[in-house]
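Source file: query.cif. Holds: mmCIF, C-alpha atoms.
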data_run
loop_
_atom_site.label_atom_id
_atom_site.label_comp_id
_atom_site.auth_asym_id
_atom_site.auth_seq_id
_atom_site.Cartn_x
_atom_site.Cartn_y
_atom_site.Cartn_z
CA MET A 330 -28.68 29.03 -20.59
CA LYS A 331 -30.68 27.23 -17.92
CA ASN A 332 -32.09 25.06 -20.69
CA LYS A 333 -28.61 24.15 -21.81
CA ILE A 334 -27.70 23.06 -18.29
CA GLU A 335 -30.91 21.04 -17.96
CA SER A 336 -30.26 19.45 -21.30
CA ALA A 337 -26.68 18.60 -20.30
CA TYR A 338 -27.90 16.92 -17.12
CA GLU A 339 -30.58 15.13 -19.10
CA SER A 340 -27.84 13.63 -21.24
CA PHE A 341 -26.37 12.08 -18.08
CA SER A 342 -29.47 9.93 -17.55
CA PRO A 343 -28.94 6.18 -17.47
CA THR A 344 -30.15 3.97 -20.28
CA GLN A 345 -32.58 1.17 -19.51
CA SER A 346 -29.80 -1.41 -19.88
CA GLU A 347 -27.56 0.53 -17.47
CA LYS A 348 -30.39 0.67 -14.94
CA GLU A 349 -30.95 -3.06 -15.23
CA LYS A 350 -27.25 -3.81 -15.00
CA VAL A 351 -26.80 -1.73 -11.85
CA TYR A 352 -29.98 -3.12 -10.27
CA SER A 353 -28.81 -6.63 -10.98
CA ALA A 354 -25.45 -5.83 -9.36
CA ILE A 355 -27.21 -4.43 -6.30
CA VAL A 356 -29.56 -7.37 -5.88
CA ASN A 357 -26.82 -9.92 -6.30
CA ASN A 358 -24.53 -7.80 -4.17
CA LYS A 359 -21.87 -8.61 -6.70
CA ASN A 360 -20.65 -5.16 -7.41
CA LYS A 361 -18.65 -4.83 -4.25
CA ARG A 362 -17.91 -8.29 -3.03
CA SER A 363 -17.25 -10.82 -5.70
CA SER A 364 -16.84 -9.38 -9.14
CA ILE A 365 -13.41 -8.48 -10.40
CA THR A 366 -14.22 -5.11 -11.87
CA MET A 367 -11.76 -2.53 -13.10
CA LYS A 368 -12.59 -0.52 -10.00
CA ASN A 369 -11.57 -3.42 -7.77
CA ILE A 370 -8.38 -3.90 -9.71
CA LYS A 371 -7.61 -0.21 -9.45
CA LYS A 372 -8.31 -0.32 -5.72
CA TRP A 373 -6.10 -3.30 -4.92
CA LEU A 374 -3.38 -3.01 -7.54
CA PRO A 375 -1.28 -0.40 -5.67
CA ILE A 376 -1.49 -2.44 -2.48
CA ALA A 377 -0.46 -5.60 -4.34
CA VAL A 378 2.42 -3.76 -6.00
CA ALA A 379 3.56 -2.34 -2.66
CA CYS A 380 3.44 -5.81 -1.06
CA ALA A 381 5.45 -7.26 -3.95
CA VAL A 382 8.08 -4.54 -3.63
CA VAL A 383 8.35 -5.07 0.14
CA LEU A 384 8.65 -8.83 -0.42
CA VAL A 385 11.38 -8.44 -3.03
CA LEU A 386 13.31 -5.96 -0.90
CA GLY A 387 12.94 -8.27 2.08
CA VAL A 388 14.29 -11.25 0.14
CA ILE A 389 17.23 -9.16 -1.01
CA PHE A 390 18.10 -7.27 2.14
CA VAL A 391 17.14 -9.45 5.11
CA PRO A 392 19.96 -11.95 4.51
CA MET A 393 22.34 -9.03 4.13
CA LEU A 394 21.22 -7.80 7.52
CA GLY A 395 22.42 -11.08 8.96
CA ASN A 396 19.05 -12.61 9.78
CA GLY A 397 19.29 -15.44 7.31
CA GLY A 398 21.25 -16.83 4.41
CA THR A 399 24.95 -17.31 4.04
CA THR A 400 27.07 -14.27 4.52
CA ASN A 401 30.59 -13.43 5.33
CA PRO A 402 31.05 -12.25 8.90
CA PRO A 403 31.93 -8.62 8.74
CA ASP A 404 35.60 -7.80 8.67
CA ILE A 405 36.65 -5.45 11.36
CA THR A 406 36.89 -2.19 9.58
CA THR A 407 37.10 -0.08 12.69
CA GLU A 408 39.26 -0.54 15.72
CA GLN A 409 37.58 -3.00 18.02
CA GLU A 410 38.55 -4.46 21.35
CA MET A 411 38.52 -8.23 21.14
CA ASP A 412 39.11 -11.04 23.62
CA ILE A 413 42.13 -13.14 22.72
CA TYR A 414 42.39 -16.44 24.59
CA TYR A 415 45.63 -18.32 25.14
CA TYR A 416 47.25 -20.83 27.45
CA VAL A 417 50.28 -20.25 29.62
CA ASP A 418 51.61 -23.28 31.48
CA GLY A 419 48.29 -25.04 31.04
CA GLU A 420 46.28 -22.13 32.35
CA LEU A 421 43.71 -20.38 30.18
CA LYS A 422 44.16 -16.65 30.03
CA SER A 423 42.66 -13.89 27.97
CA ASP A 424 43.70 -10.43 26.92
CA LYS A 425 41.74 -7.63 25.45
CA GLN A 426 43.38 -6.38 22.33
CA VAL A 427 42.36 -3.66 19.96
CA ILE A 428 42.12 -5.29 16.54
CA PHE A 429 41.91 -3.49 13.28
CA GLY A 430 41.48 -5.41 10.08
CA PRO A 431 40.00 -8.65 8.80
CA ILE A 432 39.66 -11.96 10.62
CA ASN A 433 43.31 -12.69 9.81
CA SER A 434 44.23 -10.04 12.40
CA VAL A 435 42.67 -12.29 15.04
CA LEU A 436 44.83 -15.16 13.81
CA VAL A 437 47.87 -12.91 14.03
CA ALA A 438 46.96 -12.03 17.62
CA LEU A 439 46.74 -15.76 18.44
CA ALA A 440 50.02 -16.45 16.64
CA ASN A 441 51.68 -13.73 18.71
CA ARG A 442 50.63 -15.73 21.78
CA ASN A 443 51.96 -18.96 20.26
CA MET A 444 48.52 -20.42 19.82
CA LEU A 445 48.72 -20.58 16.02
CA PRO A 446 51.54 -20.65 13.50
CA SER A 447 52.69 -17.27 12.31
CA GLY A 448 51.81 -16.25 8.81
CA LEU A 449 48.53 -18.17 8.90
CA GLY A 450 45.68 -16.72 6.88
CA VAL A 451 42.18 -18.02 6.20
CA LEU A 452 41.38 -19.24 2.70
CA ASN A 453 37.73 -18.24 3.07
CA TYR A 454 35.01 -18.11 5.67
CA ASN A 455 31.26 -17.61 5.95
CA THR A 456 28.36 -17.78 8.35
CA ASP A 457 25.31 -19.84 7.41
CA ARG A 458 22.12 -18.75 9.17
CA THR A 459 19.59 -20.63 7.05
CA SER A 460 18.99 -23.30 9.69
CA GLY A 461 18.25 -20.70 12.34
CA GLU A 462 21.65 -21.23 13.92
CA ALA A 463 24.65 -19.15 12.99
CA ILE A 464 27.18 -21.69 11.76
CA MET A 465 30.56 -20.24 10.88
CA THR A 466 32.91 -22.16 8.63
CA ILE A 467 36.56 -21.14 8.51
CA ASN A 468 38.60 -22.75 5.78
CA LEU A 469 42.32 -22.75 6.50
CA PRO A 470 45.39 -23.87 4.57
CA GLU A 471 47.36 -27.06 5.13
CA THR A 472 49.80 -25.11 7.36
CA PHE A 473 47.11 -25.10 10.05
CA ALA A 474 46.82 -28.91 10.11
CA GLU A 475 50.59 -29.36 9.92
CA TYR A 476 51.05 -27.04 12.91
CA PHE A 477 48.63 -28.95 15.11
CA ASN A 478 49.91 -32.35 13.97
CA GLY A 479 53.38 -31.25 15.07
CA LEU A 480 52.25 -30.46 18.62
CA ASP A 481 51.84 -32.91 21.44
CA ALA A 482 48.24 -33.86 22.13
CA LYS A 483 47.78 -31.67 25.20
CA THR A 484 49.28 -28.54 23.65
CA ALA A 485 47.35 -29.09 20.46
CA GLU A 486 44.13 -29.39 22.44
CA GLN A 487 44.88 -26.20 24.41
CA ASN A 488 45.89 -24.17 21.37
CA TYR A 489 42.87 -25.35 19.42
CA ALA A 490 40.66 -24.48 22.38
CA ALA A 491 42.22 -21.01 22.54
CA PHE A 492 41.53 -20.55 18.84
CA THR A 493 37.88 -21.64 19.03
CA LYS A 494 37.22 -19.71 22.26
CA THR A 495 38.60 -16.58 20.66
CA VAL A 496 36.37 -16.99 17.60
CA PHE A 497 33.29 -17.70 19.73
CA ALA A 498 34.03 -14.74 21.96
CA ASN A 499 34.26 -12.27 19.14
CA TYR A 500 31.73 -13.43 16.57
CA GLU A 501 28.05 -14.01 17.27
CA ILE A 502 27.89 -17.63 16.21
CA ASP A 503 26.37 -20.83 17.54
CA LYS A 504 28.67 -23.33 15.89
CA LEU A 505 32.14 -23.30 14.37
CA ILE A 506 33.35 -25.64 11.66
CA VAL A 507 37.06 -25.56 10.94
CA THR A 508 38.12 -26.97 7.60
CA VAL A 509 41.49 -27.42 5.96
CA ASN A 510 41.30 -27.09 2.21
CA GLY A 511 37.56 -27.77 2.48
CA GLU A 512 37.90 -30.92 4.61
CA VAL A 513 36.62 -30.81 8.19
CA PHE A 514 39.58 -30.57 10.52
CA GLN A 515 39.84 -32.74 13.62
CA LEU A 516 42.62 -32.86 16.15
CA ALA A 517 44.60 -36.09 16.13
CA LYS A 518 43.74 -38.23 19.17
CA MET Z 1301 -32.98 -2.69 6.57
CA ALA Z 1302 -34.80 -2.33 3.27
CA ASN Z 1303 -36.02 -5.57 1.76
CA GLN Z 1304 -35.81 -6.47 -1.91
CA THR Z 1305 -39.32 -5.25 -2.82
CA ASP Z 1306 -38.64 -1.94 -1.11
CA ILE Z 1307 -35.30 -1.55 -2.81
CA SER Z 1308 -36.83 -2.16 -6.21
CA GLU Z 1309 -39.35 0.65 -5.64
CA ILE Z 1310 -36.80 3.01 -4.14
CA TYR Z 1311 -34.39 2.22 -6.96
CA ASN Z 1312 -36.94 2.97 -9.66
CA ARG Z 1313 -37.94 6.21 -7.96
CA ASN Z 1314 -34.40 7.52 -7.57
CA VAL Z 1315 -31.99 5.83 -9.95
CA ASP Z 1316 -32.11 8.61 -12.55
CA THR Z 1317 -31.31 11.30 -10.00
CA VAL Z 1318 -28.52 9.32 -8.39
CA PHE Z 1319 -27.04 8.29 -11.72
CA ARG Z 1320 -27.01 11.83 -13.14
CA LEU Z 1321 -25.45 13.21 -9.99
CA CYS Z 1322 -22.77 10.50 -9.86
CA TYR Z 1323 -22.02 10.96 -13.54
CA SER Z 1324 -21.48 14.69 -13.05
CA TYR Z 1325 -18.82 13.80 -10.47
CA LEU Z 1326 -17.15 10.81 -12.05
CA LYS Z 1327 -17.44 11.65 -15.77
CA ASN Z 1328 -17.56 8.08 -16.99
CA ARG Z 1329 -20.33 5.53 -17.11
CA ALA Z 1330 -18.42 2.57 -15.65
CA ASP Z 1331 -17.42 4.35 -12.44
CA THR Z 1332 -20.87 5.87 -12.26
CA GLU Z 1333 -22.50 2.44 -12.38
CA ASP Z 1334 -20.24 1.29 -9.52
CA ALA Z 1335 -21.02 4.40 -7.48
CA VAL Z 1336 -24.78 4.07 -8.01
CA ALA Z 1337 -24.66 0.43 -7.01
CA GLU Z 1338 -22.60 1.27 -3.94
CA THR Z 1339 -25.08 3.96 -2.94
CA PHE Z 1340 -28.05 1.58 -3.11
CA LEU Z 1341 -26.08 -1.14 -1.36
CA LYS Z 1342 -25.54 1.30 1.48
CA LEU Z 1343 -29.28 1.83 1.52
CA LEU Z 1344 -29.83 -1.94 1.67
CA LYS Z 1345 -27.60 -2.17 4.70
CA CYS Z 1346 -28.93 0.98 6.34
CA LYS Z 1347 -31.51 0.67 9.07
CA LYS Z 1348 -32.80 4.16 8.56
CA VAL Z 1349 -36.56 4.64 8.28
CA PHE Z 1350 -37.45 7.42 5.90
CA GLU Z 1351 -40.24 9.80 6.78
CA SER Z 1352 -41.11 10.51 3.16
CA ALA Z 1353 -40.00 10.05 -0.41
CA GLU Z 1354 -38.26 13.43 -0.22
CA HIS Z 1355 -36.34 12.35 2.86
CA GLU Z 1356 -35.34 9.16 1.07
CA LYS Z 1357 -34.23 11.14 -1.98
CA ALA Z 1358 -32.23 13.56 0.15
CA TRP Z 1359 -30.47 10.65 1.85
CA LEU Z 1360 -29.60 9.10 -1.51
CA ILE Z 1361 -28.32 12.40 -2.88
CA VAL Z 1362 -26.06 13.02 0.10
CA THR Z 1363 -24.86 9.42 0.17
CA SER Z 1364 -24.14 9.26 -3.54
CA SER Z 1365 -22.25 12.57 -3.39
CA ASN Z 1366 -20.13 11.19 -0.57
CA VAL Z 1367 -19.51 7.94 -2.45
CA CYS Z 1368 -18.35 9.91 -5.49
CA LYS Z 1369 -16.14 12.22 -3.43
CA ASN Z 1370 -14.52 9.17 -1.86
CA VAL Z 1371 -13.84 7.73 -5.30
CA LEU Z 1372 -12.32 11.03 -6.43
CA ARG Z 1373 -10.26 11.28 -3.27
CA SER Z 1374 -8.74 7.85 -3.68
CA PHE Z 1375 -5.05 7.91 -4.41
CA TRP Z 1376 -5.33 5.71 -7.46
CA LYS Z 1377 -8.06 7.80 -9.03
CA ARG Z 1378 -6.00 10.95 -8.56
CA LYS Z 1379 -2.68 9.57 -9.74
CA VAL Z 1380 -3.44 7.06 -12.45
CA ASN Z 1381 -5.12 7.74 -15.74
CA PHE Z 1382 -7.03 4.69 -16.84
CA SER Z 1383 -8.46 6.43 -19.86
CA ASP Z 1384 -7.47 3.55 -22.09
CA THR Z 1385 -9.62 1.17 -20.13
CA GLN Z 1386 -12.58 3.45 -19.58
CA GLU Z 1387 -15.56 3.76 -21.79
CA LYS Z 1388 -15.49 6.74 -24.05
CA ASP Z 1389 -18.00 9.36 -23.11
CA ASP Z 1390 -20.38 10.49 -25.79
CA TYR Z 1391 -20.94 13.94 -24.36
CA THR Z 1392 -17.48 15.31 -23.79
CA GLU Z 1393 -17.70 17.47 -26.91
CA ASP Z 1394 -20.61 19.40 -25.42
CA GLU Z 1395 -19.39 22.67 -23.90
CA THR Z 1396 -22.07 22.70 -21.21
CA VAL Z 1397 -21.26 19.16 -20.16
CA LYS Z 1398 -17.58 20.05 -20.04
CA ALA Z 1399 -18.36 23.09 -17.90
CA ILE Z 1400 -20.38 20.95 -15.47
CA PHE Z 1401 -17.63 18.31 -15.35
CA GLU Z 1402 -15.05 20.97 -14.54
CA LEU Z 1403 -16.98 22.39 -11.59
CA PRO Z 1404 -15.24 21.71 -8.28
CA PRO Z 1405 -16.92 18.77 -6.47
CA LYS Z 1406 -18.27 20.94 -3.67
CA TYR Z 1407 -20.49 22.87 -6.11
CA LYS Z 1408 -21.73 19.94 -8.14
CA THR Z 1409 -24.55 18.67 -5.94
CA VAL Z 1410 -25.88 22.15 -5.28
CA VAL Z 1411 -25.78 23.12 -8.95
CA TYR Z 1412 -27.46 19.88 -9.97
CA LEU Z 1413 -30.22 20.17 -7.40
CA TYR Z 1414 -30.84 23.80 -8.25
CA TYR Z 1415 -30.69 23.70 -12.03
CA TYR Z 1416 -31.96 20.25 -12.84
CA GLU Z 1417 -34.09 19.12 -9.91
CA GLY Z 1418 -35.50 22.60 -9.43
CA TYR Z 1419 -35.01 22.87 -5.67
CA LYS Z 1420 -34.73 26.26 -4.03
CA ALA Z 1421 -31.62 27.22 -2.09
CA ASP Z 1422 -33.39 26.80 1.28
CA GLU Z 1423 -34.65 23.35 0.31
CA ILE Z 1424 -31.16 22.33 -0.77
CA ALA Z 1425 -29.74 23.65 2.49
CA LYS Z 1426 -32.22 21.56 4.46
CA MET Z 1427 -31.55 18.51 2.32
CA LEU Z 1428 -27.77 18.76 2.62
CA LYS Z 1429 -27.91 19.94 6.23
CA LYS Z 1430 -25.86 23.01 5.40
CA PRO Z 1431 -26.54 26.65 6.22
CA SER Z 1432 -28.59 28.46 3.56
CA SER Z 1433 -25.85 31.04 3.23
CA THR Z 1434 -23.35 28.32 2.34
CA VAL Z 1435 -25.66 26.90 -0.30
CA ARG Z 1436 -26.28 30.35 -1.77
CA ASN Z 1437 -22.57 30.96 -1.80
CA PHE Z 1438 -21.90 27.64 -3.55
CA LEU Z 1439 -24.61 28.42 -6.06
CA SER Z 1440 -23.21 31.83 -6.75
CA GLU Z 1441 -19.67 30.57 -7.17
CA GLY Z 1442 -20.82 27.63 -9.27
CA ARG Z 1443 -22.86 29.95 -11.45
CA ASN Z 1444 -19.87 32.25 -11.93
CA LEU Z 1445 -17.68 29.36 -12.95
CA LEU Z 1446 -20.26 28.12 -15.44
CA ARG Z 1447 -20.59 31.63 -16.79
CA GLN Z 1448 -16.82 31.91 -17.27
CA LYS Z 1449 -16.60 28.52 -18.98
CA LEU Z 1450 -19.55 29.06 -21.23
CA GLY Z 1451 -18.81 32.70 -21.93
CA GLU Z 1452 -22.42 33.58 -21.20
CA ALA Z 1453 -23.43 36.90 -19.76
CA GLU Z 1454 -26.00 35.43 -17.46
CA VAL Z 1455 -26.70 32.03 -16.01
CA ASN Z 1456 -29.92 32.15 -14.06
#
Turn this file's structure into structure tokens for me.
Amino acid sequence: MKNKIESAYESFSPTQSEKEKVYSAIVNNKNKRSSITMKNIKKWLPIAVACAVVLVLGVIFVPMLGNGGTTNPPDITTEQEMDIYYYVDGELKSDKQVIFGPINSVLVALANRNMLPSGLGVLNYNTDRTSGEAIMTINLPETFAEYFNGLDAKTAEQNYAAFTKTVFANYEIDKLIVTVNGEVFQLAK
Amino acid sequence: MANQTDISEIYNRNVDTVFRLCYSYLKNRADTEDAVAETFLKLLKCKKVFESAEHEKAWLIVTSSNVCKNVLRSFWKRKVNFSDTQEKDDYTEDETVKAIFELPPKYKTVVYLYYYEGYKADEIAKMLKKPSSTVRNFLSEGRNLLRQKLGEAEVN
């Protein structure tokens, strides 16, 4: 039996070419540092795969977390107290109002304070964060422009200010672009 | 640090022992070659001065065992079967070789040193810096496992 074990171990002995190959690898210090061996691939492959997965998940989910990309600002799906600005006799005032629903609910709150026409709803809106700034674009229907064009200059300016202040107060944005049917809206001078 | 002339002599003196031991752990020639090279590279970088050839051999045996255990411990080695990419072993049909391969890693060095290199249990204990009782225990358990695998009544 002992002979069998000895003979088994003897069969493990390296051939001359294996000895030379390993010696050459040692002397050139290639084995560990520079050669792309299967062992190296096996060692680094899981790390590379993990990095790739993290990268892909990051590309997919980071914009959704609101740190980049173009996303819709979240609709208010729970009751939330919001600041609603409005003017009374030329004086800026604000109320806190519990809002429940999408951004249109904010417009309704402003309409109830005569700052916007009633029945106004946004066509679409988004927040672009790709530049590092959060730039919100609200696209509104023609009714919006018609309403402001029908007001005198001072009232239009106050109502528009109430609208923008309310948006700025309740959404974390750096810049607001108001468009009407896709065209940038500007108050008439 | 050993220079290139030294390493050549040390390599020639010990490569067979280190290779056989690594092969008993890793079971394929490609990984064994890597492990042997890694062991001698560690020697190249090591500043240890050996008192004798036996001391040098003991260091290489312990180091190569540790290198192999690290390879076996690695996640990838445990989870992924690269059998398609590995060289086919010529000896896997041999029952004795299979029995040696299937020994738990902790018994392999002791069994190799005892049965092939011919060291006594006390010498192995000194070499591996383990208590003699532990080495005897490993030998006994290793022997029992070999006996079970090989169906032999006695493995002395």
Review point. Could you name the residues that touch Tyr454 in chain A at 6 Å or less, counting all atoms listed in the file, but leaving out those on the same chain fewer than 6 positions away, as a list in words?
Key: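 Here the answer would be Thr466, Ile467 and Asn468 of chain A.
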Between chain Z and chain A, at 7 Å or less, what are the per-residue closest atom pairs and their distances in Å? Count all atoms listed in the file, order by chain and rising residue number, and return it as JSON lines.
{"residue": "Z:Asp1316", "atom": "CA", "partner": "A:Ser342", "partner_atom": "CA", "distance": 5.8}
{"residue": "Z:Phe1319", "atom": "CA", "partner": "A:Pro343", "partner_atom": "CA", "distance": 6.4}
{"residue": "Z:Arg1320", "atom": "CA", "partner": "A:Phe341", "partner_atom": "CA", "distance": 5.0}
{"residue": "Z:Tyr1323", "atom": "CA", "partner": "A:Phe341", "partner_atom": "CA", "distance": 6.4}
{"residue": "Z:Glu1333", "atom": "CA", "partner": "A:Val351", "partner_atom": "CA", "distance": 6.0}
{"residue": "Z:Asp1334", "atom": "CA", "partner": "A:Asn360", "partner_atom": "CA", "distance": 6.8}
{"residue": "Z:Ala1337", "atom": "CA", "partner": "A:Ile355", "partner_atom": "CA", "distance": 5.5}
{"residue": "Z:Phe1340", "atom": "CA", "partner": "A:Ile355", "partner_atom": "CA", "distance": 6.9}
{"residue": "Z:Leu1341", "atom": "CA", "partner": "A:Ile355", "partner_atom": "CA", "distance": 6.0}
{"residue": "Z:Trp1376", "atom": "CA", "partner": "A:Lys371", "partner_atom": "CA", "distance": 6.6}
{"residue": "Z:Thr1396", "atom": "CA", "partner": "A:Ala337", "partner_atom": "CA", "distance": 6.2}
{"residue": "Z:Val1397", "atom": "CA", "partner": "A:Ala337", "partner_atom": "CA", "distance": 5.5}
{"residue": "Z:Tyr1415", "atom": "CA", "partner": "A:Glu335", "partner_atom": "CA", "distance": 6.5}
{"residue": "Z:Tyr1416", "atom": "CA", "partner": "A:Glu335", "partner_atom": "CA", "distance": 5.3}
{"residue": "Z:Val1455", "atom": "CA", "partner": "A:Met330", "partner_atom": "CA", "distance": 5.8}
{"residue": "Z:Asn1456", "atom": "CA", "partner": "A:Lys331", "partner_atom": "CA", "distance": 6.3}
Exercise for review: Report the distance between CA of Leu1450 in chain Z and CA of Ile1400 in chain Z in Å, rounded to one decimal place.
Suggested key: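 So the answer is 10.0 Å.
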Review point. Which is closer to Gln487 in chain A than all the others in A:Leu469, A:Asn433, A:Glu475, A:Val417, using only C-alpha atoms?
Key: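 For Gln487 in chain A, the nearest of the candidates is A:Val417.
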Exercise for review: Report as a count of residues only the residues that result from applying the PyMOL selection byres ((chain A and resi 436) around 9) to the structure here.
Suggested key: 18
Practice item. Report the distance between CA of Val383 in chain A and CA of Asp457 in chain A in Å, rounded to one decimal place. Key: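 For CA of Val383 in chain A relative to CA of Asp457 in chain A, the distance reads 23.6 Å.
Coordinates place CA of Glu1356 in chain Z at a distance of 21.0 Å from CA of Asn1370 in chain Z.
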Selection result of the PyMOL selection byres ((chain Z and resi 1314) around 12) on this file, as a compact mmCIF listing (two decimals) with C-alpha atoms, in the frame of the given file:
# COMPACT_ATOMS: atom_id res chain seq x y z
CA SER A 342 -29.47 9.93 -17.55
CA PRO A 343 -28.94 6.18 -17.47
CA LYS A 348 -30.39 0.67 -14.94
CA TYR A 352 -29.98 -3.12 -10.27
CA ILE Z 1307 -35.30 -1.55 -2.81
CA SER Z 1308 -36.83 -2.16 -6.21
CA GLU Z 1309 -39.35 0.65 -5.64
CA ILE Z 1310 -36.80 3.01 -4.14
CA TYR Z 1311 -34.39 2.22 -6.96
CA ASN Z 1312 -36.94 2.97 -9.66
CA ARG Z 1313 -37.94 6.21 -7.96
CA VAL Z 1315 -31.99 5.83 -9.95
CA ASP Z 1316 -32.11 8.61 -12.55
CA THR Z 1317 -31.31 11.30 -10.00
CA VAL Z 1318 -28.52 9.32 -8.39
CA PHE Z 1319 -27.04 8.29 -11.72
CA ARG Z 1320 -27.01 11.83 -13.14
CA LEU Z 1321 -25.45 13.21 -9.99
CA VAL Z 1336 -24.78 4.07 -8.01
CA THR Z 1339 -25.08 3.96 -2.94
CA PHE Z 1340 -28.05 1.58 -3.11
CA LEU Z 1343 -29.28 1.83 1.52
CA ALA Z 1353 -40.00 10.05 -0.41
CA GLU Z 1354 -38.26 13.43 -0.22
CA HIS Z 1355 -36.34 12.35 2.86
CA GLU Z 1356 -35.34 9.16 1.07
CA LYS Z 1357 -34.23 11.14 -1.98
CA ALA Z 1358 -32.23 13.56 0.15
CA TRP Z 1359 -30.47 10.65 1.85
CA LEU Z 1360 -29.60 9.10 -1.51
CA ILE Z 1361 -28.32 12.40 -2.88
CA SER Z 1364 -24.14 9.26 -3.54
CA GLU Z 1417 -34.09 19.12 -9.91
Practice item. Would you list the contacts of Gln426 in chain A as a VMD selection string, taking every protein, DNA or RNA residue within 7 Å and counting all atoms listed in the file, but skipping same-chain residues closer than 6 positions in sequence? Key: chain A and resid 410 to 413
**Study point:** Residues matched by the PyMOL selection byres ((chain A and resi 509) around 8), written as a PyMOL selection string
**Key:** chain A and resi 468-471+473-474+507-508+510-514
Review point. Excluding same-chain residues fewer than 5 positions from Lys504 in chain A, what lies within 7 Å of it counting all atoms listed in the file, as a PyMOL selection string?
Key: chain A and resi 463-465
**Study point:** Lys1429 in chain Z surroundings by all atoms listed in the file, 12 Å radius, close-in-sequence under 2 positions cut, as a list in words
**Key:**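 The neighbour list is His1355, Ala1358, Trp1359, Ile1361, Val1362, Val1410, Ala1421, Asp1422, Glu1423, Ile1424, Ala1425, Lys1426, Met1427, Pro1431, Ser1432, Ser1433, Thr1434 and Val1435 of chain Z.
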Those residues with C-alpha atoms, as a PDB file, in the coordinates of the input please?
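Dumped everything to again-v9.pdb:
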ATOM      1  CA  HIS Z1355     -36.340  12.350   2.860  1.00  0.00           C
ATOM      2  CA  ALA Z1358     -32.230  13.560   0.150  1.00  0.00           C
ATOM      3  CA  TRP Z1359     -30.470  10.650   1.850  1.00  0.00           C
ATOM      4  CA  ILE Z1361     -28.320  12.400  -2.880  1.00  0.00           C
ATOM      5  CA  VAL Z1362     -26.060  13.020   0.100  1.00  0.00           C
ATOM      6  CA  VAL Z1410     -25.880  22.150  -5.280  1.00  0.00           C
ATOM      7  CA  ALA Z1421     -31.620  27.220  -2.090  1.00  0.00           C
ATOM      8  CA  ASP Z1422     -33.390  26.800   1.280  1.00  0.00           C
ATOM      9  CA  GLU Z1423     -34.650  23.350   0.310  1.00  0.00           C
ATOM     10  CA  ILE Z1424     -31.160  22.330  -0.770  1.00  0.00           C
ATOM     11  CA  ALA Z1425     -29.740  23.650   2.490  1.00  0.00           C
ATOM     12  CA  LYS Z1426     -32.220  21.560   4.460  1.00  0.00           C
ATOM     13  CA  MET Z1427     -31.550  18.510   2.320  1.00  0.00           C
ATOM     14  CA  PRO Z1431     -26.540  26.650   6.220  1.00  0.00           C
ATOM     15  CA  SER Z1432     -28.590  28.460   3.560  1.00  0.00           C
ATOM     16  CA  SER Z1433     -25.850  31.040   3.230  1.00  0.00           C
ATOM     17  CA  THR Z1434     -23.350  28.320   2.340  1.00  0.00           C
ATOM     18  CA  VAL Z1435     -25.660  26.900  -0.300  1.00  0.00           C
TER      19      VAL Z1435
END
Return the padded bounding box of range 1418-1428 of chain Z as lines of an AutoDock Vina configuration file: axis-aligned, built from all atoms listed in the file, 8 Å added on each side, with centre and edge lengths in Å to one decimal.
center_x = -31.6
center_y = 22.9
center_z = -2.5
size_x = 23.7
size_y = 24.7
size_z = 29.9
